[in-house]
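Reading through the structure tokens given below for one structure.
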Amino acid sequence: MLIRTIGRRPSPTEVRGYAARMTPDEVGEYAESLAQVKRKGTETHPAWYVHDRLVVRMADPTTAVVRVPLSERDALVETDPDGFGVPPRMEAHHKVEAYLDRARPEVVRTAIRLAWEMQRR
């Protein structure tokens with residue numbers, strides 16, 4: 001894929017070879033496509049739950065906090081180390097941050113699906 005960069009500096013996502021990234025709206029659309037997921041939270045910090053259990057929430061416009069099984073968390077980070085991280089405050093919790101401006105959309109969707117599967121039980 002050829003990306004035009006004349007007159008501007010390419011973004012990190014363009015340098016990596018693909019320009020598509022998930023937006024907060026797309027995170028919500030995907031989460032709501034999963035059975036029984038409902039939107040809660042606020043306008044600026046929306047969150048999606050299944051059976052009143054957190055699946056994903058927006059910490060800010062480019063960071064989604066996804067609740068995932070600890071057994072899967074390291075694999076997500078290893079699959080897309082630029083797009084996912086576990087800050088120290090989350091190390092003891094079933095959570096990972098997805099940096100939407102860098103994360104591969106298919107890996108974000110995988111994380112959300114893992115959260116949904118864990119929380120719907």
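Going through the structure tokens in order, the chains are called A, B, and so on, while each chain numbers its residues from 1 and the ligands are numbered from 1 in the order shown.
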
*Considering only C-alpha atoms, return as number ranges by chain whatever protein or nucleic-acid residues lie within 8 Å of range 96-101 of chain A, sequence-local ones (same chain, fewer than 3 positions apart) excluded.*
A: 13, 21-24, 62-68, 73, 82-87, 90, 104-105, 108

*Write down as JSON, numbers by chain the residues of chain A whose backbone DSSP state falls under strand (DSSP E).*
{"A": [37, 38, 39, 40, 41, 46, 47, 48, 49, 50, 53, 54, 55, 56, 57, 58, 59, 60, 63, 64, 65, 66, 67, 84, 85, 95, 96, 97, 98, 99]}

*asked:* I'd like the contact shell of Val107 in chain A - 9 Å cut-off, only C-alpha atoms, skipping same-chain residues fewer than 5 positions apart - returned as a list in words.
replied: Leu76, Thr79, Asp80, Gly83 and Ile112 of chain A

*May I ask which of the residues A:Pro46, A:Pro81, A:Pro69, A:Pro88 is the closest one to Ala115 in chain A, counting only C-alpha atoms?*
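Distance minimum relative to Ala115 in chain A lands on A:Pro69.
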
_Selected residue, from A:Asp74, A:Asp52, A:Glu91, A:Glu117, that lies nearest to Arg39 in chain A when counting only C-alpha atoms_ =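 Looking at the shortest contact to Arg39 in chain A, the residue is A:Asp52.
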
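Reported to one decimal place, the separation of CA of Val37 in chain A from CA of Ala92 in chain A is 25.0 Å.
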
*Quick one: residues within 10 Å of Arg120 in chain A, only C-alpha atoms counted, chain neighbours fewer than 5 positions away excluded, as JSON, numbers by chain?*
{"A": [35, 36, 37, 49, 50, 51, 52, 53, 54, 55, 115]}

Write to file, as a PDB file, in the first residue's frame, the residues of the selection just made, with N, CA and C atoms.
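part-v6.pdb was written with the following content:
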```pdb
ATOM      1  N   ALA A  35     -22.999 -10.153  21.974  1.00  0.00           N
ATOM      2  CA  ALA A  35     -24.274 -10.402  22.661  1.00  0.00           C
ATOM      3  C   ALA A  35     -24.313  -9.810  24.065  1.00  0.00           C
ATOM      4  N   GLN A  36     -25.381  -9.116  24.352  1.00  0.00           N
ATOM      5  CA  GLN A  36     -25.731  -8.585  25.666  1.00  0.00           C
ATOM      6  C   GLN A  36     -24.799  -7.488  26.182  1.00  0.00           C
ATOM      7  N   VAL A  37     -23.968  -6.924  25.332  1.00  0.00           N
ATOM      8  CA  VAL A  37     -23.098  -5.822  25.756  1.00  0.00           C
ATOM      9  C   VAL A  37     -23.894  -4.531  25.707  1.00  0.00           C
ATOM     10  N   TYR A  49     -20.285  -3.014  28.997  1.00  0.00           N
ATOM     11  CA  TYR A  49     -20.402  -4.071  30.003  1.00  0.00           C
ATOM     12  C   TYR A  49     -21.266  -5.206  29.485  1.00  0.00           C
ATOM     13  N   VAL A  50     -21.010  -6.401  29.988  1.00  0.00           N
ATOM     14  CA  VAL A  50     -21.892  -7.536  29.785  1.00  0.00           C
ATOM     15  C   VAL A  50     -22.250  -8.046  31.183  1.00  0.00           C
ATOM     16  N   HIS A  51     -23.537  -8.188  31.453  1.00  0.00           N
ATOM     17  CA  HIS A  51     -24.019  -8.604  32.776  1.00  0.00           C
ATOM     18  C   HIS A  51     -23.419  -7.725  33.886  1.00  0.00           C
ATOM     19  N   ASP A  52     -23.336  -6.418  33.627  1.00  0.00           N
ATOM     20  CA  ASP A  52     -22.778  -5.441  34.576  1.00  0.00           C
ATOM     21  C   ASP A  52     -21.314  -5.694  34.922  1.00  0.00           C
ATOM     22  N   ARG A  53     -20.623  -6.392  34.052  1.00  0.00           N
ATOM     23  CA  ARG A  53     -19.185  -6.638  34.241  1.00  0.00           C
ATOM     24  C   ARG A  53     -18.428  -5.972  33.091  1.00  0.00           C
ATOM     25  N   LEU A  54     -17.393  -5.218  33.441  1.00  0.00           N
ATOM     26  CA  LEU A  54     -16.640  -4.444  32.464  1.00  0.00           C
ATOM     27  C   LEU A  54     -16.034  -5.305  31.364  1.00  0.00           C
ATOM     28  N   VAL A  55     -16.197  -4.850  30.131  1.00  0.00           N
ATOM     29  CA  VAL A  55     -15.535  -5.439  28.974  1.00  0.00           C
ATOM     30  C   VAL A  55     -14.420  -4.478  28.533  1.00  0.00           C
ATOM     31  N   ALA A 115     -12.256 -10.326  26.518  1.00  0.00           N
ATOM     32  CA  ALA A 115     -12.902  -9.715  27.697  1.00  0.00           C
ATOM     33  C   ALA A 115     -14.355 -10.123  27.777  1.00  0.00           C
TER      34      ALA A 115
END
```

_Report, in Å with one decimal, the straight-line distance from CA of His94 in chain A to CA of Gln119 in chain A._
10.8 Å

*So what do you get for CA of Gly41 in chain A versus CA of Ser71 in chain A, distance-wise?*
27.1 Å

*Just the alpha helix (DSSP H) stuff from range 3-120 of chain A, please, per backbone DSSP, written as a PyMOL selection string.*
chain A and resi 12-15+24-33+70-79+105-119

Would you mind exporting C-alpha atoms of the selected residues as a short mmCIF file (atom, residue, chain, number, x, y, z; two decimals), in the first residue's frame?
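And here's part.cif as it stands now:
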```
data_model
loop_
_atom_site.label_atom_id
_atom_site.label_comp_id
_atom_site.auth_asym_id
_atom_site.auth_seq_id
_atom_site.Cartn_x
_atom_site.Cartn_y
_atom_site.Cartn_z
CA PRO A 12 3.86 6.15 13.14
CA THR A 13 1.03 4.00 11.81
CA GLU A 14 1.85 4.94 8.23
CA VAL A 15 5.53 4.20 8.79
CA PRO A 24 -13.41 5.07 20.06
CA ASP A 25 -16.64 4.85 18.04
CA GLU A 26 -15.40 1.68 16.34
CA VAL A 27 -14.44 0.21 19.72
CA GLY A 28 -18.01 0.85 20.86
CA GLU A 29 -19.55 -0.52 17.66
CA TYR A 30 -17.54 -3.71 17.96
CA ALA A 31 -18.26 -4.14 21.67
CA GLU A 32 -21.98 -3.58 21.10
CA SER A 33 -21.96 -6.18 18.32
CA LEU A 70 -4.28 -12.75 32.92
CA SER A 71 -3.38 -15.89 30.98
CA GLU A 72 -3.96 -14.02 27.68
CA ARG A 73 -2.62 -10.58 28.60
CA ASP A 74 1.07 -11.21 27.91
CA ALA A 75 0.26 -12.75 24.53
CA LEU A 76 -1.67 -9.63 23.50
CA VAL A 77 1.24 -7.39 24.47
CA GLU A 78 3.71 -9.65 22.67
CA THR A 79 1.53 -9.74 19.55
CA PRO A 105 -7.47 -3.20 14.93
CA GLU A 106 -7.65 -6.98 14.70
CA VAL A 107 -5.70 -7.32 17.96
CA VAL A 108 -7.95 -4.74 19.67
CA ARG A 109 -10.99 -6.74 18.54
CA THR A 110 -9.36 -9.94 19.85
CA ALA A 111 -8.78 -8.30 23.24
CA ILE A 112 -12.40 -7.09 23.40
CA ARG A 113 -13.69 -10.54 22.45
CA LEU A 114 -11.51 -12.17 25.13
CA ALA A 115 -12.90 -9.71 27.70
CA TRP A 116 -16.46 -10.45 26.60
CA GLU A 117 -15.90 -14.20 26.82
CA MET A 118 -14.42 -13.89 30.30
CA GLN A 119 -17.07 -11.51 31.64
#
```
